[in-house]
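Each remark here refers to the structure printed beneath this line.
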Protein chains: 2
Amino acid sequence: MFDTANRRSMPQYVPALVSKLARRLALSLSDQQALLAASSTPRHAVRGDCLIREDGETTSLVILCRGMARAVRSLTDGNQQIVALFVAGDMLNAGDLFFPRSRTSISALTSAISLSIPLEQLGRLITNRPAIARALWQETAAQAAIQQEWMVWLGRRTAKARLAHFFCEVSYRLHIDGHDARDGFDLPLTQQELADILGLSAVNVNRVLQVLRSQDLIELRSNRLIIRDKAGLYEIAEFDPRYLSGLEPPDTGAN
Amino acid sequence: MFDTANRRSMPQYVPALVSKLARRLALSLSDQQALLAASSTPRHAVRGDCLIREDGETTSLVILCRGMARAVRSLTDGNQQIVALFVAGDMLNAGDLFFPRSRTSISALTSAISLSIPLEQLGRLITNRPAIARALWQETAAQAAIQQEWMVWLGRRTAKARLAHFFCEVSYRLHIDGHDARDGFDLPLTQQELADILGLSAVNVNRVLQVLRSQDLIELRSNRLIIRDKAGLYEIAEFDPRYLSGLEPPDTGAN
DNA sequence: CGCAACATTGAACGGTATCAAGTATGGTGG
DNA sequence: CCACCATACTTGATACCGTTCAATGTTGCG
């Protein structure tokens with residue numbers, strides 16, 4: 001689908017994706033090309049667009065090439081819990097492929113570009129290219145590790161520690177992907193959405209944010225976050241980024 | 001390692017395991033045998049024994065053949081969060097194989113039997129037998145789905161709903177595995193451990209349990225749970241077992 | 001039988017939610 | 001360019017769910 005020998009011909013979102021597939025998932029050039037070749041036309045979405053519908057049939061693997069997205073579970077009482085945050089390069093539903101229907105609704109947080117790989121073709125790729133199966137498994141495992149960390153903060157941490165930890169995680173994930181987040185980064189989340197990630201109320205998120213600001217730990221306005229005191233924030237969060245090592249280039253692994 | 005043609009010669013824990021590998025993960029007889037052949041001598045553990053040490057090096061895949069186990073994350077303030085509960089047939093660290101060190105400590109909740117498959121041999125199996133790689137991936141995905149559900153309750157549900165949902169889940173998982181849980185089942189958890197699963201205090205767990213009992217929804221004494229009013233409990237829990245379909249024999253899947 | 005772990009109960013406290021109002025902010029159309 | 005509107009953010013008051021602390025029962029095991 002793309003002429004990787006001639007980088008000028010590639011759409012702008014491909015480099016980020018290839019970086020992920022190659023560096024993080026250690027796929028060979030041939031495997032990367034096979035994946036891209038099997039994918040359908042890129043989809044452009046704007047904030048709020050639904051990429052995967054809750055209870056919708058699982059028909060393809062979706063890879064986020066640009067932008068951010070979130071997976072939401074809605075409850076009958078109107079509350080929501082955001083169970084995952086995706087950045088460029090993440091696979092939105094690697095683990096969901098074993099389920100006939102999606103258990104979450106996944107929507108774009110920014111304008112976004114995604115690629116879809118129909119299940120039928122993916123099945124062939126998995127059969128013929130073990131490294132691709134392995135990559136999907138690794139992606140599933142990496143996201144499960146993140147979820148475990150979220151469970152810990154949801155179950156046992158104060159509002160302040162949750163907020164701090166979440167900021168550390170996002171910052172670190174972007175750092176892994178090569179974004180230079182030293183001058184801050186875009187965090188396209190409303191306080192209500194932060195609350196839905198952290199299991200808090202929006203009002204309380206607002207108050208705790210003010211505490212973090214008043215202690216010169218962070219700045220956050222108009223969807224841009226700057227971490228002013230990284231060491232301080234790490235300490236409050238008890239942040240240990242080892243749980244994100246599944247996202248980094250492997251130096252050891254399952255085989 | 002085992003003569004599957006002659007069932008009399010198999011240790012008692014093998015049938016449950018084979019049922020899982022064959023039914024749930026759809027492994028061929030040959031793949032099952034290869035897995036078992038690669039495994040080390042079964043380990044017998046008693047309640048409290050550590051099966052996988054937090055921050056310990058990842059050296060093998062561990063499969064729980066008998067009993068129950070839990071994965072714990074300990075915090076500096078002494079609090080704990082239990083991030084997973086395992087029943088017979090579950091793989092304890094399928095997703096952790098991508099991490100050089102375990103992020104959780106996994107210990108037995110009952111007397112238990114486990115099999116270990118050294119990474120080196122597992123690597124060979126994965127390479128030569130794609131169905132085994134796929135099975136490990138599926139196991140990772142199934143556990144991730146359960147974790148997502150836990151995240152929802154930890155973030156957005158009341159104590160009563162959490163307890164109810166947890167009971168529904170365990171009951172259902174045992175049901176899938178062929179246990180007849182109609183007369184109740186063993187739930188080898190103290191109230192403190194329930195609290196550490198549900199992100200609550202032990203005192204509150206105690207009080208909410210009494211509410212559930214007083215409404216004739218459950219009975220629970222000396223580590224034995226009986227669900228008296230399944231429909232009522234499901235309703236309180238808003239329990240929808242579809243998220244557990246990854247544990248059931250597949251009628252559709254990734255390929 | 002006696003000890004240790006577990007379960008239960010009560011009282012007081014506290015973090016977070018909820019409700020309700022008011023204030024910025026950004027985008028849109030006139 | 002400004003007025004307007006919708007959305008998001010901020011702030012205060014109050015209520016509640018769940019925690020903490022402390023004491024007392026209870027169970028089961030050696």
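Scheme for the structure tokens: letters A, B, ... for chains in order shown; per-chain residue numbers from 1; ligand numbers from 1 in order shown.
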Margin query: Which residues are close to Ala69 in chain B, i.e. within 9 Å by only C-alpha atoms (C1' of nucleotides), leaving aside same-chain residues fewer than 5 positions away? Reply as a list in words.
Written below: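 Residues meeting the cut-off are Arg47, Gly48, Leu51, Leu64, Ala84, Leu85, Phe86, Val87, Ala88, Leu92, Ile106, Ser107, Ala108, Leu109, Thr110 and Ala112 of chain B.
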Next item on the list: With a distance cut-off of 9 Å and only C-alpha atoms (C1' of nucleotides), select the neighbouring residues of range 23-25 of chain D, excluding the residue or stretch itself and same-chain residues fewer than 4 positions from it, and output the selection as a list of chain:residue names.
Entry: C:DA7, C:DT8, C:DT9, C:DG10
Checklist line | Residue list for chain D near chain B as a PyMOL selection string, 12 Å, only C-alpha atoms (C1' of nucleotides) | finding: chain D and resi 17-21+26-28
Next item on the list: Could you give me, as a PyMOL selection string, each residue of range 54-134 of chain A that DSSP assigns to strand (DSSP E) when run on this structure's backbone?
Entry: chain A and resi 60-66+69-74+80-86+105-108+112-118
Find the residues near range 236-244 of chain B: any atom within 7 Å, counting only C-alpha atoms (C1' of nucleotides), skip ones fewer than 6 places away on the same chain, and give them as a PDB file with N, CA and C atoms, in the first residue's frame.
ATOM      1  N   ARG A 103     -16.918  -4.660  23.998  1.00  0.00           N
ATOM      2  CA  ARG A 103     -17.490  -4.390  25.308  1.00  0.00           C
ATOM      3  C   ARG A 103     -17.379  -2.928  25.686  1.00  0.00           C
TER       4      ARG A 103
ATOM      5  N   ALA B 145     -10.078  -8.518  29.826  1.00  0.00           N
ATOM      6  CA  ALA B 145     -11.507  -8.205  29.831  1.00  0.00           C
ATOM      7  C   ALA B 145     -12.050  -8.197  31.252  1.00  0.00           C
ATOM      8  N   ILE B 146     -11.610  -9.147  32.044  1.00  0.00           N
ATOM      9  CA  ILE B 146     -12.041  -9.189  33.438  1.00  0.00           C
ATOM     10  C   ILE B 146     -11.533  -7.947  34.165  1.00  0.00           C
ATOM     11  N   ALA B 161     -22.880  -2.955  45.089  1.00  0.00           N
ATOM     12  CA  ALA B 161     -22.822  -3.435  43.717  1.00  0.00           C
ATOM     13  C   ALA B 161     -21.499  -4.153  43.449  1.00  0.00           C
ATOM     14  N   ARG B 162     -20.411  -3.659  44.037  1.00  0.00           N
ATOM     15  CA  ARG B 162     -19.116  -4.303  43.826  1.00  0.00           C
ATOM     16  C   ARG B 162     -19.124  -5.724  44.360  1.00  0.00           C
ATOM     17  N   ALA B 164     -21.682  -7.615  45.009  1.00  0.00           N
ATOM     18  CA  ALA B 164     -22.608  -8.447  44.251  1.00  0.00           C
ATOM     19  C   ALA B 164     -21.969  -8.858  42.929  1.00  0.00           C
ATOM     20  N   HIS B 165     -21.337  -7.912  42.266  1.00  0.00           N
ATOM     21  CA  HIS B 165     -20.758  -8.226  40.963  1.00  0.00           C
ATOM     22  C   HIS B 165     -19.637  -9.234  41.089  1.00  0.00           C
ATOM     23  N   CYS B 168     -21.074 -12.624  41.502  1.00  0.00           N
ATOM     24  CA  CYS B 168     -21.597 -13.109  40.224  1.00  0.00           C
ATOM     25  C   CYS B 168     -20.464 -13.601  39.337  1.00  0.00           C
TER      26      CYS B 168
END
Notebook entry, point to check: Met151 in chain B: which residues within 8 Å, counting only C-alpha atoms (C1' of nucleotides), same-chain residues fewer than 3 positions away excluded, as number ranges by chain?
Noted result: A: 81, 83, 147, 150-151, 154; B: 147-148, 154-155
Next item on the list: List the neighbours of range 71-80 of chain B out to 6 Å using only C-alpha atoms (C1' of nucleotides); skip same-chain residues closer than 6 positions along the sequence, and give me the result as a list of chain:residue names.
Entry: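 Those residues are B:Thr104, B:Ser105, B:Ile106, B:Asp196.
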When the cut-off is 10 Å and we count only C-alpha atoms (C1' of nucleotides), which residues of chain C are near chain A, given as a PDB file with N, CA and C atoms (P, O5', C5', C4', C3', O3' and C1' of nucleotides), in the first residue's frame?
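Final output, saved to iface-v7.pdb:
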ATOM      1  P    DG C  15      -9.431  14.034  54.730  1.00  0.00           P
ATOM      2  O5'  DG C  15      -9.634  13.376  53.294  1.00  0.00           O
ATOM      3  C5'  DG C  15      -9.636  11.956  53.191  1.00  0.00           C
ATOM      4  C4'  DG C  15     -10.632  11.529  52.138  1.00  0.00           C
ATOM      5  C3'  DG C  15     -10.532  12.302  50.818  1.00  0.00           C
ATOM      6  O3'  DG C  15     -10.619  11.346  49.781  1.00  0.00           O
ATOM      7  C1'  DG C  15     -12.741  12.503  51.708  1.00  0.00           C
ATOM      8  P    DT C  16     -10.257  11.752  48.318  1.00  0.00           P
ATOM      9  O5'  DT C  16     -11.691  11.856  47.655  1.00  0.00           O
ATOM     10  C5'  DT C  16     -12.604  10.775  47.832  1.00  0.00           C
ATOM     11  C4'  DT C  16     -14.005  11.193  47.500  1.00  0.00           C
ATOM     12  C3'  DT C  16     -14.175  12.052  46.232  1.00  0.00           C
ATOM     13  O3'  DT C  16     -14.883  11.280  45.285  1.00  0.00           O
ATOM     14  C1'  DT C  16     -15.538  12.809  48.040  1.00  0.00           C
ATOM     15  P    DA C  17     -15.665  11.949  44.080  1.00  0.00           P
ATOM     16  O5'  DA C  17     -17.134  12.123  44.648  1.00  0.00           O
ATOM     17  C5'  DA C  17     -17.828  10.986  45.123  1.00  0.00           C
ATOM     18  C4'  DA C  17     -19.298  11.314  45.352  1.00  0.00           C
ATOM     19  C3'  DA C  17     -20.021  11.925  44.156  1.00  0.00           C
ATOM     20  O3'  DA C  17     -21.309  11.326  44.027  1.00  0.00           O
ATOM     21  C1'  DA C  17     -20.080  13.434  46.009  1.00  0.00           C
ATOM     22  P    DT C  18     -22.226  11.714  42.794  1.00  0.00           P
ATOM     23  O5'  DT C  18     -23.174  12.871  43.340  1.00  0.00           O
ATOM     24  C5'  DT C  18     -23.815  12.719  44.598  1.00  0.00           C
ATOM     25  C4'  DT C  18     -24.506  14.005  44.985  1.00  0.00           C
ATOM     26  C3'  DT C  18     -25.204  14.738  43.825  1.00  0.00           C
ATOM     27  O3'  DT C  18     -26.553  14.930  44.198  1.00  0.00           O
ATOM     28  C1'  DT C  18     -23.878  16.235  45.113  1.00  0.00           C
ATOM     29  P    DT C  25     -10.118  32.880  30.914  1.00  0.00           P
ATOM     30  O5'  DT C  25     -10.512  31.952  29.698  1.00  0.00           O
ATOM     31  C5'  DT C  25     -11.043  30.649  29.951  1.00  0.00           C
ATOM     32  C4'  DT C  25     -11.716  30.118  28.711  1.00  0.00           C
ATOM     33  C3'  DT C  25     -11.245  30.759  27.404  1.00  0.00           C
ATOM     34  O3'  DT C  25     -10.575  29.778  26.645  1.00  0.00           O
ATOM     35  C1'  DT C  25     -13.601  30.495  27.472  1.00  0.00           C
TER      36       DT C  25
END
Margin query: Contacts from chain A to chain B, 7 Å maximum, only C-alpha atoms: show me the residue list as an NGL selection string.
Written below: :A and (81 or 83 or 95-100 or 103 or 119-120 or 123 or 137-138 or 140-141 or 144 or 147-148 or 151-152 or 154-156 or 198-199 or 243 or 245-246 or 252-255)
Deliver the residues from the most recent selection as a file, using N, CA and C atoms, as an mmCIF file, in the first residue's frame.
data_model
loop_
_atom_site.group_PDB
_atom_site.id
_atom_site.type_symbol
_atom_site.label_atom_id
_atom_site.label_comp_id
_atom_site.auth_asym_id
_atom_site.auth_seq_id
_atom_site.Cartn_x
_atom_site.Cartn_y
_atom_site.Cartn_z
ATOM 1 N N GLN A 81 -17.238 5.095 32.980
ATOM 2 C CA GLN A 81 -15.864 4.830 33.377
ATOM 3 C C GLN A 81 -15.035 4.671 32.113
ATOM 4 N N VAL A 83 -11.959 3.253 30.509
ATOM 5 C CA VAL A 83 -11.114 2.123 30.891
ATOM 6 C C VAL A 83 -9.803 2.080 30.113
ATOM 7 N N GLY A 95 -7.052 -6.956 22.058
ATOM 8 C CA GLY A 95 -7.564 -7.985 22.939
ATOM 9 C C GLY A 95 -9.016 -8.320 22.699
ATOM 10 N N ASP A 96 -9.727 -7.395 22.065
ATOM 11 C CA ASP A 96 -11.164 -7.594 21.863
ATOM 12 C C ASP A 96 -11.463 -8.532 20.701
ATOM 13 N N LEU A 97 -10.424 -8.903 19.975
ATOM 14 C CA LEU A 97 -10.656 -9.723 18.791
ATOM 15 C C LEU A 97 -11.227 -11.088 19.151
ATOM 16 N N PHE A 98 -11.064 -11.481 20.395
ATOM 17 C CA PHE A 98 -11.591 -12.778 20.796
ATOM 18 C C PHE A 98 -13.053 -12.704 21.185
ATOM 19 N N PHE A 99 -13.583 -11.500 21.195
ATOM 20 C CA PHE A 99 -14.977 -11.333 21.573
ATOM 21 C C PHE A 99 -15.798 -10.978 20.346
ATOM 22 N N PRO A 100 -16.950 -11.603 20.211
ATOM 23 C CA PRO A 100 -17.766 -11.329 19.023
ATOM 24 C C PRO A 100 -18.228 -9.872 18.954
ATOM 25 N N ARG A 103 -16.918 -4.660 23.998
ATOM 26 C CA ARG A 103 -17.490 -4.390 25.308
ATOM 27 C C ARG A 103 -17.379 -2.928 25.686
ATOM 28 N N LEU A 119 -10.921 -8.589 9.815
ATOM 29 C CA LEU A 119 -10.581 -9.826 10.516
ATOM 30 C C LEU A 119 -10.146 -10.925 9.575
ATOM 31 N N GLU A 120 -10.814 -10.992 8.446
ATOM 32 C CA GLU A 120 -10.529 -12.073 7.520
ATOM 33 C C GLU A 120 -9.067 -12.027 7.074
ATOM 34 N N GLY A 123 -6.661 -12.682 9.974
ATOM 35 C CA GLY A 123 -6.509 -14.102 10.249
ATOM 36 C C GLY A 123 -5.428 -14.721 9.380
ATOM 37 N N TRP A 137 -0.348 -9.974 20.520
ATOM 38 C CA TRP A 137 -0.356 -10.488 21.887
ATOM 39 C C TRP A 137 0.376 -9.507 22.807
ATOM 40 N N GLN A 138 1.507 -9.030 22.350
ATOM 41 C CA GLN A 138 2.273 -8.098 23.177
ATOM 42 C C GLN A 138 1.481 -6.825 23.447
ATOM 43 N N THR A 140 -1.735 -6.548 23.555
ATOM 44 C CA THR A 140 -2.757 -6.914 24.540
ATOM 45 C C THR A 140 -2.166 -6.933 25.941
ATOM 46 N N ALA A 141 -0.975 -7.507 26.058
ATOM 47 C CA ALA A 141 -0.324 -7.607 27.365
ATOM 48 C C ALA A 141 0.066 -6.232 27.896
ATOM 49 N N ALA A 144 -2.950 -4.573 29.184
ATOM 50 C CA ALA A 144 -3.393 -5.199 30.431
ATOM 51 C C ALA A 144 -2.550 -4.702 31.598
ATOM 52 N N GLN A 147 -3.807 -1.381 32.583
ATOM 53 C CA GLN A 147 -5.071 -1.530 33.295
ATOM 54 C C GLN A 147 -4.857 -1.938 34.743
ATOM 55 N N GLN A 148 -3.882 -2.799 34.982
ATOM 56 C CA GLN A 148 -3.613 -3.196 36.362
ATOM 57 C C GLN A 148 -3.215 -1.994 37.199
ATOM 58 N N MET A 151 -6.206 -0.069 38.035
ATOM 59 C CA MET A 151 -6.975 -0.717 39.101
ATOM 60 C C MET A 151 -6.420 -0.359 40.467
ATOM 61 N N VAL A 152 -5.111 -0.306 40.562
ATOM 62 C CA VAL A 152 -4.498 0.020 41.853
ATOM 63 C C VAL A 152 -4.898 1.419 42.279
ATOM 64 N N LEU A 154 -7.487 3.198 41.238
ATOM 65 C CA LEU A 154 -8.929 3.279 41.463
ATOM 66 C C LEU A 154 -9.308 2.683 42.812
ATOM 67 N N GLY A 155 -8.595 1.620 43.198
ATOM 68 C CA GLY A 155 -8.977 0.942 44.423
ATOM 69 C C GLY A 155 -8.395 1.543 45.677
ATOM 70 N N ARG A 156 -7.169 2.064 45.576
ATOM 71 C CA ARG A 156 -6.439 2.337 46.810
ATOM 72 C C ARG A 156 -5.749 3.689 46.912
ATOM 73 N N LEU A 198 -10.524 8.587 36.384
ATOM 74 C CA LEU A 198 -9.978 8.393 37.719
ATOM 75 C C LEU A 198 -11.009 7.947 38.745
ATOM 76 N N GLY A 199 -12.238 7.776 38.306
ATOM 77 C CA GLY A 199 -13.265 7.359 39.245
ATOM 78 C C GLY A 199 -13.598 8.425 40.268
ATOM 79 N N TYR A 243 5.990 -0.646 34.680
ATOM 80 C CA TYR A 243 4.814 -1.310 34.117
ATOM 81 C C TYR A 243 4.568 -0.918 32.673
ATOM 82 N N SER A 245 7.074 -0.915 30.503
ATOM 83 C CA SER A 245 8.195 -1.423 29.700
ATOM 84 C C SER A 245 7.705 -2.291 28.540
ATOM 85 N N GLY A 246 6.477 -2.771 28.641
ATOM 86 C CA GLY A 246 5.915 -3.518 27.520
ATOM 87 C C GLY A 246 5.710 -2.651 26.297
ATOM 88 N N THR A 252 14.179 -8.072 26.306
ATOM 89 C CA THR A 252 13.911 -9.456 26.663
ATOM 90 C C THR A 252 12.417 -9.647 26.467
ATOM 91 N N GLY A 253 11.997 -10.891 26.406
ATOM 92 C CA GLY A 253 10.578 -11.076 26.145
ATOM 93 C C GLY A 253 10.179 -12.520 26.273
ATOM 94 N N ALA A 254 9.160 -12.897 25.551
ATOM 95 C CA ALA A 254 8.595 -14.217 25.751
ATOM 96 C C ALA A 254 9.431 -15.316 25.113
ATOM 97 N N ASN A 255 10.332 -14.975 24.245
ATOM 98 C CA ASN A 255 11.124 -16.046 23.652
ATOM 99 C C ASN A 255 12.544 -15.593 23.365
#
Margin query: At a cut-off of 12 Å, using only C-alpha atoms (C1' of nucleotides), what residues contact DC4 in chain D? Leave out same-chain residues fewer than 4 positions from it and give the result as a PyMOL selection string.
Written below: chain C and resi 26-30
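The environment of range 10-12 of chain D within 12 Å, counting only C-alpha atoms (C1' of nucleotides) and disregarding residues fewer than 4 places along the same chain, consists of A:Gln191, A:Ala202, A:Val203, A:Asn204, A:Val205, A:Asn206, A:Arg207, A:Leu209, A:Gln210, C:DC19, C:DA20, C:DA21, C:DG22, C:DT23, C:DA24.
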If you keep C-alpha atoms (C1' of nucleotides), can you produce a file of those selected residues as a PDB file, in the first residue's frame?
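Result file is part32.pdb:
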ATOM      1  CA  GLN A 191     -12.226  17.687  33.810  1.00  0.00           C
ATOM      2  CA  ALA A 202     -15.560  16.522  38.107  1.00  0.00           C
ATOM      3  CA  VAL A 203     -15.844  18.951  40.999  1.00  0.00           C
ATOM      4  CA  ASN A 204     -13.262  17.101  42.988  1.00  0.00           C
ATOM      5  CA  VAL A 205     -10.940  16.855  40.002  1.00  0.00           C
ATOM      6  CA  ASN A 206     -11.127  20.610  39.731  1.00  0.00           C
ATOM      7  CA  ARG A 207     -10.209  21.087  43.373  1.00  0.00           C
ATOM      8  CA  LEU A 209      -5.984  20.182  40.177  1.00  0.00           C
ATOM      9  CA  GLN A 210      -5.820  23.476  42.013  1.00  0.00           C
TER      10      GLN A 210
ATOM     11  C1'  DC C  19     -26.322  20.378  44.393  1.00  0.00           C
ATOM     12  C1'  DA C  20     -26.431  24.912  42.973  1.00  0.00           C
ATOM     13  C1'  DA C  21     -24.711  29.047  41.552  1.00  0.00           C
ATOM     14  C1'  DG C  22     -21.600  31.924  39.209  1.00  0.00           C
ATOM     15  C1'  DT C  23     -17.460  32.799  36.039  1.00  0.00           C
ATOM     16  C1'  DA C  24     -14.302  32.100  32.188  1.00  0.00           C
TER      17       DA C  24
END
Item checked: DSSP-assigned alpha helix (DSSP H) among range 46-221 of chain A, expressed as number ranges by chain -> A: 119-128, 130-156, 159-176, 191-198, 202-214
Grab the residues selected above and save them as a PDB file, in the first residue's frame with C-alpha atoms.
ATOM      1  CA  LEU A 119     -10.581  -9.826  10.516  1.00  0.00           C
ATOM      2  CA  GLU A 120     -10.529 -12.073   7.520  1.00  0.00           C
ATOM      3  CA  GLN A 121      -7.261 -10.693   6.266  1.00  0.00           C
ATOM      4  CA  LEU A 122      -5.845 -10.424   9.740  1.00  0.00           C
ATOM      5  CA  GLY A 123      -6.509 -14.102  10.249  1.00  0.00           C
ATOM      6  CA  ARG A 124      -4.394 -14.866   7.236  1.00  0.00           C
ATOM      7  CA  LEU A 125      -1.614 -12.590   8.455  1.00  0.00           C
ATOM      8  CA  ILE A 126      -1.632 -14.205  11.855  1.00  0.00           C
ATOM      9  CA  THR A 127      -1.396 -17.642  10.331  1.00  0.00           C
ATOM     10  CA  ASN A 128       1.386 -16.813   7.930  1.00  0.00           C
ATOM     11  CA  PRO A 130       3.886 -15.465  13.589  1.00  0.00           C
ATOM     12  CA  ALA A 131       5.605 -12.188  14.433  1.00  0.00           C
ATOM     13  CA  ILE A 132       2.350 -10.362  13.805  1.00  0.00           C
ATOM     14  CA  ALA A 133       0.446 -12.666  16.114  1.00  0.00           C
ATOM     15  CA  ARG A 134       3.139 -12.068  18.680  1.00  0.00           C
ATOM     16  CA  ALA A 135       2.902  -8.321  18.244  1.00  0.00           C
ATOM     17  CA  LEU A 136      -0.847  -8.386  18.806  1.00  0.00           C
ATOM     18  CA  TRP A 137      -0.356 -10.488  21.887  1.00  0.00           C
ATOM     19  CA  GLN A 138       2.273  -8.098  23.177  1.00  0.00           C
ATOM     20  CA  GLU A 139      -0.005  -5.148  22.608  1.00  0.00           C
ATOM     21  CA  THR A 140      -2.757  -6.914  24.540  1.00  0.00           C
ATOM     22  CA  ALA A 141      -0.324  -7.607  27.365  1.00  0.00           C
ATOM     23  CA  ALA A 142       0.975  -4.037  27.437  1.00  0.00           C
ATOM     24  CA  GLN A 143      -2.527  -2.665  27.753  1.00  0.00           C
ATOM     25  CA  ALA A 144      -3.393  -5.199  30.431  1.00  0.00           C
ATOM     26  CA  ALA A 145      -0.385  -3.993  32.430  1.00  0.00           C
ATOM     27  CA  ILE A 146      -1.629  -0.437  32.213  1.00  0.00           C
ATOM     28  CA  GLN A 147      -5.071  -1.530  33.295  1.00  0.00           C
ATOM     29  CA  GLN A 148      -3.613  -3.196  36.362  1.00  0.00           C
ATOM     30  CA  GLU A 149      -2.008   0.056  37.340  1.00  0.00           C
ATOM     31  CA  TRP A 150      -5.297   1.853  36.876  1.00  0.00           C
ATOM     32  CA  MET A 151      -6.975  -0.717  39.101  1.00  0.00           C
ATOM     33  CA  VAL A 152      -4.498   0.020  41.853  1.00  0.00           C
ATOM     34  CA  TRP A 153      -5.164   3.733  41.786  1.00  0.00           C
ATOM     35  CA  LEU A 154      -8.929   3.279  41.463  1.00  0.00           C
ATOM     36  CA  GLY A 155      -8.977   0.942  44.423  1.00  0.00           C
ATOM     37  CA  ARG A 156      -6.439   2.337  46.810  1.00  0.00           C
ATOM     38  CA  ALA A 159      -7.668  11.675  44.394  1.00  0.00           C
ATOM     39  CA  LYS A 160      -4.393  13.591  44.409  1.00  0.00           C
ATOM     40  CA  ALA A 161      -2.279  10.505  43.827  1.00  0.00           C
ATOM     41  CA  ARG A 162      -4.585   9.347  41.041  1.00  0.00           C
ATOM     42  CA  LEU A 163      -4.332  12.598  39.168  1.00  0.00           C
ATOM     43  CA  ALA A 164      -0.584  12.724  39.654  1.00  0.00           C
ATOM     44  CA  HIS A 165      -0.123   9.150  38.518  1.00  0.00           C
ATOM     45  CA  PHE A 166      -2.245   9.616  35.456  1.00  0.00           C
ATOM     46  CA  PHE A 167      -0.233  12.647  34.404  1.00  0.00           C
ATOM     47  CA  CYS A 168       2.986  10.721  34.923  1.00  0.00           C
ATOM     48  CA  GLU A 169       1.729   7.845  32.833  1.00  0.00           C
ATOM     49  CA  VAL A 170       0.577   9.905  29.901  1.00  0.00           C
ATOM     50  CA  SER A 171       3.742  11.949  29.929  1.00  0.00           C
ATOM     51  CA  TYR A 172       5.850   8.820  30.011  1.00  0.00           C
ATOM     52  CA  ARG A 173       3.926   7.076  27.253  1.00  0.00           C
ATOM     53  CA  LEU A 174       4.344  10.077  25.001  1.00  0.00           C
ATOM     54  CA  HIS A 175       8.015  10.197  25.929  1.00  0.00           C
ATOM     55  CA  ILE A 176       8.438   6.566  24.871  1.00  0.00           C
ATOM     56  CA  GLN A 191     -12.226  17.687  33.810  1.00  0.00           C
ATOM     57  CA  GLN A 192     -15.299  15.501  33.513  1.00  0.00           C
ATOM     58  CA  GLU A 193     -13.339  13.096  31.352  1.00  0.00           C
ATOM     59  CA  LEU A 194     -10.450  13.109  33.796  1.00  0.00           C
ATOM     60  CA  ALA A 195     -13.016  12.295  36.459  1.00  0.00           C
ATOM     61  CA  ASP A 196     -14.323   9.391  34.381  1.00  0.00           C
ATOM     62  CA  ILE A 197     -10.816   8.019  34.059  1.00  0.00           C
ATOM     63  CA  LEU A 198      -9.978   8.393  37.719  1.00  0.00           C
ATOM     64  CA  ALA A 202     -15.560  16.522  38.107  1.00  0.00           C
ATOM     65  CA  VAL A 203     -15.844  18.951  40.999  1.00  0.00           C
ATOM     66  CA  ASN A 204     -13.262  17.101  42.988  1.00  0.00           C
ATOM     67  CA  VAL A 205     -10.940  16.855  40.002  1.00  0.00           C
ATOM     68  CA  ASN A 206     -11.127  20.610  39.731  1.00  0.00           C
ATOM     69  CA  ARG A 207     -10.209  21.087  43.373  1.00  0.00           C
ATOM     70  CA  VAL A 208      -7.356  18.631  43.354  1.00  0.00           C
ATOM     71  CA  LEU A 209      -5.984  20.182  40.177  1.00  0.00           C
ATOM     72  CA  GLN A 210      -5.820  23.476  42.013  1.00  0.00           C
ATOM     73  CA  VAL A 211      -3.838  21.850  44.784  1.00  0.00           C
ATOM     74  CA  LEU A 212      -1.374  20.386  42.301  1.00  0.00           C
ATOM     75  CA  ARG A 213      -1.070  23.779  40.650  1.00  0.00           C
ATOM     76  CA  SER A 214      -0.625  25.620  43.908  1.00  0.00           C
TER      77      SER A 214
END
Next item on the list: Give me, please, the distance in Å between CA of Leu115 in chain B and CA of Val62 in chain B, quoted to one decimal.
Entry: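 One can read the CA of Leu115 in chain B to CA of Val62 in chain B distance as 5.6 Å.
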Next item on the list: Work out how far CA of Ala16 in chain B is from CA of Ala45 in chain B, in Å to one decimal.
Entry: 17.3 Å
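The spacing separating CA of Met91 in chain A from CA of Cys65 in chain A amounts to 8.9 Å.
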